[in-house]
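A.B. asks: My questions all concern the structure below.
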Amino acid sequence: MLSANDLYTALLEAYGEPRWWSDDPYMVLFQSVLVQNTSWTNVERTCEKIKGMIAPEIISGLADDELEAMIRPCGLPRSKARTIKDLTRWYIDADSSLATCRMRKELLAIKGIGEETADVILVYAFHRPSFIIDRYTRVLLSRLGCSFRSESEVRAFFEDGLGNDAAIYGYLHWLILDHCITRCRKKPECGSCPLSALCRKCI
DNA sequence: AGCCAGGGTCTAA
DNA sequence: TTAGACCATGGC
């Protein structure tokens with residue numbers, strides 16, 4: 001039976017040290033909303049143009065239509081601007097000593113923040129161990145021959161398998177996305193996929 | 001649990 | 001240029 005550690009080890013072996021989202025917590029919050037339904041390169045391009053303005057005290061002071069104009073290239077400007085405003089407000093008076101599950105609930109209460117985005121924020125901005133489960137991760141697991149009955153089983157697969165280490169959660173998530181989107185977008189022959197050793201059904 | 005809103009970008013013709 | 005797929009989803 002495949003373990004989360006096997007997966008992590010194989011990806012690390014294949015691609016080397018993964019990158020971390022950002023060392024600036026607010027940058028993580030800001031970009032985690034922008035990237036919803038949007039390609040990562042698009043987010044990076046957009047943020048490059050407005051990089052001096054991505055700070056909570058600046059964003060919170062903008063008018064809605066100003067913020068919408070700034071993020072328009074990432075799509076869904078109206079809903080994303082509102083979510084970013086609400087999230088920024090939350091962040092400014094967030095209590096960083098809050099328990100992880102409590103913080104997660106608060107994030108989920110913000111309109112526009114779902115489970116995936118909440119976990120991205122918990123892991124990359126607050127270094128809390130709450131594994132990020134996205135569509136790519138689910139598809140990858142199923143291609144590797146693992147099936148789960150529920151979301152909580154997938155979560156247990158990673159969290160029990162990896163221990164409570166937020167850094168590993170973040171690195172593994174990045175590796176999975178990098179693998180699925182950048183490296184193996186088009187299905188290669190089984191032999192050329194670095195995960196083929198894990199399972200013959202792989203990719 | 002599945003469908004749909006929400007805007008832009010990318011691609012092929 | 002234009003239709004249609006696609007995008008590191010969320011909400012209902």
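By convention here, the chains of the structure tokens are called A, B, ... in the order presented, each chain's residues are numbered starting at 1, and ligands are numbered starting at 1 in the order presented.
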Compile the contact shell of DG10 in chain C as a PyMOL selection string: residues with an atom at most 12 Å away, counting only C-alpha atoms (C1' of nucleotides), same-chain residues fewer than 2 positions apart removed.
C.D. replies: (chain A and resi 33+36-37+79-80+83+108-118) or (chain B and resi 4-6) or (chain C and resi 12)
A.B. asks: Please tabulate, as CSV, the residues of chain B that come within 9 Å of range 1-9 of chain C, each with its closest pair of atoms and the distance in Å to one decimal, counting only C-alpha atoms (C1' of nucleotides) and ordering rows by chain, then residue number upward.
C.D. replies:
residue,atom,partner,partner_atom,distance
B:DT9,C1',C:DC7,C1',8.6
B:DC10,C1',C:DC6,C1',8.0
B:DT11,C1',C:DA5,C1',8.5
A.B. asks: Export C-alpha atoms (C1' of nucleotides) of the chosen residues as a PDB file, in the first residue's frame?
C.D. replies:
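Full text of part37.pdb as output:
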ATOM      1  C1'  DT B   9      -6.747  33.853 -21.038  1.00  0.00           C
ATOM      2  C1'  DC B  10      -5.156  30.473 -24.324  1.00  0.00           C
ATOM      3  C1'  DT B  11      -5.623  27.760 -28.452  1.00  0.00           C
TER       4       DT B  11
END
A.B. asks: Give the residues of chain A that lie within 8 Å of chain B; count only C-alpha atoms (C1' of nucleotides), and format the answer as a PyMOL selection string.
C.D. replies: chain A and resi 72-77+79
A.B. asks: Assign secondary structure with DSSP using the backbone only, and return the residues of range 23-54 of chain A in alpha helix (DSSP H) as a list in words.
C.D. replies: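 Secondary structure check on range 23-54 of chain A, alpha helix (DSSP H): Pro25, Tyr26, Met27, Val28, Leu29, Phe30, Gln31, Ser32, Val33, Leu34, Trp40, Thr41, Asn42, Val43, Glu44, Arg45, Thr46, Cys47, Glu48 and Lys49 of chain A.
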A.B. asks: Interatomic distance between CA of Leu2 in chain A and CA of Gly145 in chain A?
C.D. replies: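 Going from CA of Leu2 in chain A over to CA of Gly145 in chain A covers 8.7 Å.
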A.B. asks: What gap, in Å, lies between CA of Ser39 in chain A and CA of Ile71 in chain A?
C.D. replies: 13.3 Å
A.B. asks: Just the number, please: distance in Å from CA of Thr41 in chain A to CA of Met70 in chain A, one decimal.
C.D. replies: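 Computed distance, CA of Thr41 in chain A to CA of Met70 in chain A, equals 15.9 Å.
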A.B. asks: Determine, counting only C-alpha atoms (C1' of nucleotides), which protein, DNA and RNA residues have an atom within 8 Å of an atom of range 150-160 of chain A; residues of the same chain fewer than 5 positions away are not included. Present the result as a VMD selection string.
C.D. replies: chain A and resid 3 to 4 129 to 131 133
A.B. asks: Within 12 Å of His173 in chain A, counting only C-alpha atoms (C1' of nucleotides), which residues qualify if same-chain residues fewer than 5 places away don't, as a PDB file with N, CA and C atoms (P, O5', C5', C4', C3', O3' and C1' of nucleotides), in the first residue's frame?
C.D. replies:
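And here is the file that came out, result24.pdb:
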ATOM      1  N   ALA A   4       1.930   8.199   2.073  1.00  0.00           N
ATOM      2  CA  ALA A   4       2.169   9.604   1.736  1.00  0.00           C
ATOM      3  C   ALA A   4       3.664   9.892   1.687  1.00  0.00           C
ATOM      4  N   LEU A   7       5.236   8.850  -1.607  1.00  0.00           N
ATOM      5  CA  LEU A   7       4.933   9.851  -2.627  1.00  0.00           C
ATOM      6  C   LEU A   7       5.859  11.056  -2.487  1.00  0.00           C
ATOM      7  N   TYR A   8       5.983  11.524  -1.257  1.00  0.00           N
ATOM      8  CA  TYR A   8       6.842  12.681  -0.986  1.00  0.00           C
ATOM      9  C   TYR A   8       8.289  12.387  -1.384  1.00  0.00           C
ATOM     10  N   LEU A  11       8.765  12.250  -5.241  1.00  0.00           N
ATOM     11  CA  LEU A  11       8.706  13.560  -5.886  1.00  0.00           C
ATOM     12  C   LEU A  11       9.948  14.388  -5.575  1.00  0.00           C
ATOM     13  N   LEU A  12      10.371  14.302  -4.321  1.00  0.00           N
ATOM     14  CA  LEU A  12      11.565  15.032  -3.896  1.00  0.00           C
ATOM     15  C   LEU A  12      12.792  14.545  -4.670  1.00  0.00           C
ATOM     16  N   PRO A  18      11.510  21.638  -3.385  1.00  0.00           N
ATOM     17  CA  PRO A  18      10.381  22.398  -3.925  1.00  0.00           C
ATOM     18  C   PRO A  18      10.407  23.829  -3.417  1.00  0.00           C
ATOM     19  N   ARG A  19       9.699  24.729  -4.081  1.00  0.00           N
ATOM     20  CA  ARG A  19       9.682  26.087  -3.536  1.00  0.00           C
ATOM     21  C   ARG A  19       8.559  26.218  -2.529  1.00  0.00           C
ATOM     22  N   TRP A  20       8.717  27.205  -1.710  1.00  0.00           N
ATOM     23  CA  TRP A  20       7.695  27.543  -0.710  1.00  0.00           C
ATOM     24  C   TRP A  20       6.878  28.668  -1.316  1.00  0.00           C
ATOM     25  N   TRP A  21       5.583  28.715  -1.019  1.00  0.00           N
ATOM     26  CA  TRP A  21       4.717  29.701  -1.678  1.00  0.00           C
ATOM     27  C   TRP A  21       5.302  31.091  -1.565  1.00  0.00           C
ATOM     28  N   GLU A 116      -9.921  24.321   0.309  1.00  0.00           N
ATOM     29  CA  GLU A 116      -8.588  24.323  -0.269  1.00  0.00           C
ATOM     30  C   GLU A 116      -7.846  25.623   0.055  1.00  0.00           C
ATOM     31  N   ASP A 119      -6.848  25.884   3.722  1.00  0.00           N
ATOM     32  CA  ASP A 119      -5.677  25.070   4.056  1.00  0.00           C
ATOM     33  C   ASP A 119      -4.388  25.643   3.475  1.00  0.00           C
ATOM     34  N   VAL A 120      -4.470  26.235   2.301  1.00  0.00           N
ATOM     35  CA  VAL A 120      -3.300  26.915   1.734  1.00  0.00           C
ATOM     36  C   VAL A 120      -2.839  28.006   2.697  1.00  0.00           C
ATOM     37  N   VAL A 123      -1.333  26.518   5.990  1.00  0.00           N
ATOM     38  CA  VAL A 123      -0.003  25.915   5.814  1.00  0.00           C
ATOM     39  C   VAL A 123       1.061  26.961   5.493  1.00  0.00           C
ATOM     40  N   TYR A 124       0.821  27.742   4.438  1.00  0.00           N
ATOM     41  CA  TYR A 124       1.890  28.611   3.939  1.00  0.00           C
ATOM     42  C   TYR A 124       2.019  29.943   4.685  1.00  0.00           C
ATOM     43  N   PRO A 129      -0.278  22.667  10.379  1.00  0.00           N
ATOM     44  CA  PRO A 129      -0.420  21.413   9.630  1.00  0.00           C
ATOM     45  C   PRO A 129      -1.873  21.057   9.312  1.00  0.00           C
ATOM     46  N   SER A 130      -2.349  21.519   8.188  1.00  0.00           N
ATOM     47  CA  SER A 130      -3.712  21.200   7.751  1.00  0.00           C
ATOM     48  C   SER A 130      -3.601  20.896   6.260  1.00  0.00           C
ATOM     49  N   PHE A 131      -3.596  19.628   5.899  1.00  0.00           N
ATOM     50  CA  PHE A 131      -3.184  19.264   4.545  1.00  0.00           C
ATOM     51  C   PHE A 131      -4.116  19.811   3.463  1.00  0.00           C
ATOM     52  N   ILE A 132      -3.517  20.277   2.387  1.00  0.00           N
ATOM     53  CA  ILE A 132      -4.259  20.881   1.281  1.00  0.00           C
ATOM     54  C   ILE A 132      -4.647  19.804   0.277  1.00  0.00           C
ATOM     55  N   ILE A 133      -5.932  19.618   0.088  1.00  0.00           N
ATOM     56  CA  ILE A 133      -6.398  18.590  -0.849  1.00  0.00           C
ATOM     57  C   ILE A 133      -7.109  19.273  -2.013  1.00  0.00           C
ATOM     58  N   ASP A 134      -6.519  19.198  -3.178  1.00  0.00           N
ATOM     59  CA  ASP A 134      -7.149  19.827  -4.336  1.00  0.00           C
ATOM     60  C   ASP A 134      -7.488  18.770  -5.385  1.00  0.00           C
ATOM     61  N   ARG A 135      -8.009  19.225  -6.507  1.00  0.00           N
ATOM     62  CA  ARG A 135      -8.437  18.309  -7.569  1.00  0.00           C
ATOM     63  C   ARG A 135      -7.254  17.489  -8.089  1.00  0.00           C
ATOM     64  N   TYR A 136      -6.117  18.136  -8.291  1.00  0.00           N
ATOM     65  CA  TYR A 136      -4.942  17.440  -8.804  1.00  0.00           C
ATOM     66  C   TYR A 136      -4.501  16.325  -7.869  1.00  0.00           C
ATOM     67  N   THR A 137      -4.556  16.612  -6.589  1.00  0.00           N
ATOM     68  CA  THR A 137      -4.134  15.611  -5.607  1.00  0.00           C
ATOM     69  C   THR A 137      -5.052  14.400  -5.646  1.00  0.00           C
ATOM     70  N   ARG A 138      -6.351  14.660  -5.718  1.00  0.00           N
ATOM     71  CA  ARG A 138      -7.310  13.556  -5.791  1.00  0.00           C
ATOM     72  C   ARG A 138      -7.115  12.718  -7.054  1.00  0.00           C
ATOM     73  N   LEU A 140      -4.380  12.477  -8.866  1.00  0.00           N
ATOM     74  CA  LEU A 140      -3.107  11.763  -8.777  1.00  0.00           C
ATOM     75  C   LEU A 140      -3.245  10.500  -7.938  1.00  0.00           C
ATOM     76  N   PHE A 158      -2.779  11.615   4.368  1.00  0.00           N
ATOM     77  CA  PHE A 158      -1.646  12.540   4.396  1.00  0.00           C
ATOM     78  C   PHE A 158      -1.228  12.911   5.818  1.00  0.00           C
ATOM     79  N   ALA A 166       3.974  21.142   9.171  1.00  0.00           N
ATOM     80  CA  ALA A 166       3.426  22.056   8.165  1.00  0.00           C
ATOM     81  C   ALA A 166       4.380  22.261   6.991  1.00  0.00           C
ATOM     82  N   ALA A 167       5.683  22.262   7.267  1.00  0.00           N
ATOM     83  CA  ALA A 167       6.656  22.489   6.195  1.00  0.00           C
ATOM     84  C   ALA A 167       6.556  21.375   5.153  1.00  0.00           C
ATOM     85  N   ILE A 168       6.446  20.141   5.635  1.00  0.00           N
ATOM     86  CA  ILE A 168       6.333  19.018   4.696  1.00  0.00           C
ATOM     87  C   ILE A 168       5.018  19.095   3.923  1.00  0.00           C
ATOM     88  N   ASP A 178       3.346  20.930  -9.044  1.00  0.00           N
ATOM     89  CA  ASP A 178       4.412  21.083 -10.011  1.00  0.00           C
ATOM     90  C   ASP A 178       4.450  19.855 -10.924  1.00  0.00           C
ATOM     91  N   HIS A 179       4.330  18.693 -10.324  1.00  0.00           N
ATOM     92  CA  HIS A 179       4.326  17.455 -11.096  1.00  0.00           C
ATOM     93  C   HIS A 179       3.150  17.421 -12.077  1.00  0.00           C
ATOM     94  N   CYS A 180       1.957  17.663 -11.559  1.00  0.00           N
ATOM     95  CA  CYS A 180       0.754  17.515 -12.384  1.00  0.00           C
ATOM     96  C   CYS A 180       0.639  18.592 -13.457  1.00  0.00           C
TER      97      CYS A 180
ATOM     98  P    DA C   8      -4.114  25.892 -13.330  1.00  0.00           P
ATOM     99  O5'  DA C   8      -4.112  25.778 -11.739  1.00  0.00           O
ATOM    100  C5'  DA C   8      -4.355  24.562 -11.085  1.00  0.00           C
ATOM    101  C4'  DA C   8      -4.811  24.841  -9.657  1.00  0.00           C
ATOM    102  C3'  DA C   8      -5.377  26.230  -9.402  1.00  0.00           C
ATOM    103  O3'  DA C   8      -6.461  26.091  -8.495  1.00  0.00           O
ATOM    104  C1'  DA C   8      -3.550  25.818  -7.975  1.00  0.00           C
TER     105       DA C   8
END
A.B. asks: Between A:Leu144, A:Val28, A:Ile176, A:Cys184, which one has atoms that come closest to Ala197 in chain A, using only C-alpha atoms?
C.D. replies: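 Nearest candidate to Ala197 in chain A out of A:Leu144, A:Val28, A:Ile176, A:Cys184: A:Leu144.
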